[in-house]
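Okay, so here's the structure we're looking at.
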Amino acid sequence: MMNAYTLFEAQQQSRGIDLTTVRSRLKALQIETPSWGYGDSGTRFKVFQKVGVPRTPFEKLEDAAQVHKVTGACSSVAIHIPWDKVDDYSKLRSHAESLGITIGAINPNLFQDEDYMLGSVTHADPAVRNKAIAHLKECVDIAKETKSRDFSLWFADGTNYPGQGSIRQRKHWMLEGLQEMYKVLDPHMRMLIEYKCFEPAFYHTDIADWGMAYNLSLKLGEQAQVLVDTGHHLPGANVEHIVSYLIDEGRLGGFHFNSYKYADDDLVVGTMNPYELFLIFYQILDALDSQEQKLVDTVNNMLYMIDQSHNIESKIPAMIRSVMNVQTQYAKALLIDHQEVAEAQRKGDVLGAEDAVRKAFEFDVTPLLHSIREEIGVPVDPMKAYMADHYGQSILARGKGGASW
């Protein structure tokens with residue numbers, strides 16, 4: 001009797017799927033986890049403190065290393081400044097490296113200082129704008145110490161009421177602030193400009209959608225690209241269309257993966273609309289398989305990051321679940337027969353093309369994932385392995401009151 005993977009292999013080979021390429025791409029998938037996902041976080045209503053939450057950036061890295069240990073897919077950790085501020089960032093980098101991981105994207109915080117109530121780089125007061133720009137430049141200096149390449153730039157800047165600020169003037173201030181940061185980048189560094197349609201500003205957000213972020217990136221230069229947060233769109237937005245467009249323009253720098261039901265809920269990835277995540281990967285892989293060098297280069301340089309707010313969930317298990325969900329939808333998207341899709345498109349076969357995409361989503365990829373994990377030397381069931389390990393119990397000694405966000 002054939003085992004589960006042998007059956008899966010025979011099934012896919014009969015469809016003409018190149019499992020060597022599938023396996024290679026799946027093994028290469030890396031997903032950056034966020035330091036703030038390991039700390040206490042929540043909504044504007046309440047932060048429920050958990051026992052065992054890390055108390056320092058060093059302990060956040062230790063928790064992140066556990067996720068990499070059981071998944072083999074999370075070799076870098078994004079940090080947030082000043083949430084992860086330390087006296088010596090080279091020590092933080094060395095600590096990460098001693099755990100088998102690296103420090104990834106640097107995230108400036110321009111929304112929690114008292115001075116930023118009415119904006120940061122778009123504030124009417126030049127002193128506040130200069131303070132915000134100084135923080136952006138500080139983060140560039142930090143990146144040089146941590147050997148980081150990318151900056152995830154999200155601005156809460158906006159207004160709540162008509163007339164509160166000059167939208168056109170704020171647009172100019174935003175560009176001027178980003179230009180000041182761009183000037184001090186090292187040649188290998190990238191600015192990933194994130195957008196959000198609303199919240200915490202409710203009348204207008206200074207970078208409200210992908211078009212505004214794209215426009216800024218064009219004005220800044222090749223080291224500026226767009227970051228797509230899957231929760232930062234109005235209901236009904238076709239996120240995979242945005243992804244495809246930006247890849248084709250060579251301007252998609254990366255993702256913040258999460259899930260939402262209503263707005264920017266920051267839920268565990270893949271728990272609300274896993275088909276959307278699958279379709280995002282379909283567009284990415286379609287571009288990769290095009291063999292157009294510009295598209296291939298864009299895809300190969302994209303950064304896959306998680307951005308979540310684990311309010312009621314245990315931190316490390318929630319992160320593991322998100323990583324596993326990303327792996328599952330990526331694995332399914334790898335099973336799309338792009339030639340079959342293209343042939344149906346040429347014939348004008350609407351349902352045939354849709355079926356060629358959808359049936360890949362319906363395959364059970366568990367045998368494939370188990371086989372890949374065995375090959376790279378991690379547990380076939382990362383969640384079960386973590387729950388059986390002593391680490392989750394050992395961190396309870398930290399008690400409550402760890403780092404927030």
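By convention here, the chains of the structure tokens are called A, B, ... in the order presented, each chain's residues are numbered starting at 1, and ligands are numbered starting at 1 in the order presented.
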
For this session: Compile the contact shell of stretch 86-101 of chain A as JSON, numbers by chain: residues with an atom at most 12 Å away, counting only C-alpha atoms, same-chain residues fewer than 3 positions apart removed.
Result: {"A": [30, 31, 32, 33, 35, 56, 57, 58, 59, 60, 61, 62, 63, 64, 65, 66, 67, 68, 69, 72, 73, 74, 75, 76, 77, 78, 79, 80, 81, 82, 83, 104, 106, 139, 141, 142, 143, 144, 145, 146, 147, 148]}

For this session: Extract, using only C-alpha atoms, all DNA, RNA and protein residues at most 12 Å from A:Ser41, discarding same-chain residues fewer than 6 positions from it, and format them as a PyMOL selection string.
Result: chain A and resi 35+47-50+53-54+83+266-267+307-315+401-405

Problem set entry | DSSP alpha helix (DSSP H) selection over stretch 114-262 of chain A, as a VMD selection string | chain A and resid 126 to 146 167 to 183 210 to 220 239 to 248

Restricting the output to C-alpha atoms, write the selected residues as a compact mmCIF listing (two decimals), in the first residue's frame.
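again09.txt, freshly written:
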# COMPACT_ATOMS: atom_id res chain seq x y z
CA PRO A 126 7.97 72.03 11.70
CA ALA A 127 9.53 71.06 15.03
CA VAL A 128 7.36 67.93 15.15
CA ARG A 129 8.11 67.12 11.51
CA ASN A 130 11.82 67.42 12.20
CA LYS A 131 11.50 65.18 15.24
CA ALA A 132 9.78 62.53 13.12
CA ILE A 133 12.43 62.77 10.41
CA ALA A 134 15.17 62.45 13.03
CA HIS A 135 13.53 59.22 14.21
CA LEU A 136 13.47 57.86 10.66
CA LYS A 137 17.18 58.62 10.34
CA GLU A 138 17.82 57.05 13.76
CA CYS A 139 16.26 53.84 12.43
CA VAL A 140 18.65 53.89 9.48
CA ASP A 141 21.54 54.05 11.94
CA ILE A 142 20.04 51.14 13.87
CA ALA A 143 19.74 49.12 10.66
CA LYS A 144 23.44 49.60 10.04
CA GLU A 145 24.18 48.04 13.43
CA THR A 146 21.71 45.19 13.04
CA ILE A 167 -4.48 67.57 2.41
CA ARG A 168 -2.29 68.91 -0.38
CA GLN A 169 0.24 70.46 2.00
CA ARG A 170 0.41 67.26 4.04
CA LYS A 171 1.09 65.36 0.82
CA HIS A 172 4.14 67.57 0.21
CA TRP A 173 5.36 67.20 3.78
CA MET A 174 5.08 63.40 3.53
CA LEU A 175 7.27 63.32 0.43
CA GLU A 176 9.78 65.73 1.95
CA GLY A 177 10.08 63.61 5.09
CA LEU A 178 10.59 60.40 3.13
CA GLN A 179 13.15 62.10 0.90
CA GLU A 180 15.20 63.02 3.96
CA MET A 181 15.26 59.38 5.02
CA TYR A 182 15.98 58.17 1.49
CA LYS A 183 19.12 60.35 1.33
CA TRP A 210 -1.51 51.39 -2.83
CA GLY A 211 -1.61 54.07 -5.55
CA MET A 212 -0.41 56.76 -3.14
CA ALA A 213 2.35 54.48 -1.84
CA TYR A 214 3.31 53.60 -5.42
CA ASN A 215 3.41 57.26 -6.42
CA LEU A 216 5.71 58.05 -3.50
CA SER A 217 8.00 55.17 -4.40
CA LEU A 218 8.34 56.46 -7.97
CA LYS A 219 9.26 59.92 -6.74
CA LEU A 220 11.79 58.60 -4.24
CA VAL A 239 -5.84 42.41 -3.04
CA GLU A 240 -4.42 39.92 -5.53
CA HIS A 241 -5.10 42.42 -8.33
CA ILE A 242 -3.06 45.02 -6.44
CA VAL A 243 -0.30 42.44 -5.92
CA SER A 244 -0.19 41.56 -9.63
CA TYR A 245 -0.12 45.21 -10.69
CA LEU A 246 2.70 46.14 -8.35
CA ILE A 247 4.78 43.10 -9.31
CA ASP A 248 4.39 44.02 -12.96

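Atom CA of A:Ile306 is positioned 26.8 Å from atom CA of A:Val184.
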
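The space between atom CA of A:Arg25 and atom CA of A:His370 spans 14.9 Å.
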
Exercise. Which neighbours of A:Gly52 fall inside 6 Å, counting only C-alpha atoms, when residues of the same chain fewer than 2 positions from it are skipped, and could you give them as a PyMOL selection string?
Worked result: chain A and resi 395-396+398-399

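Atom CA of A:Tyr260 sits 9.8 Å away from atom CA of A:His233.
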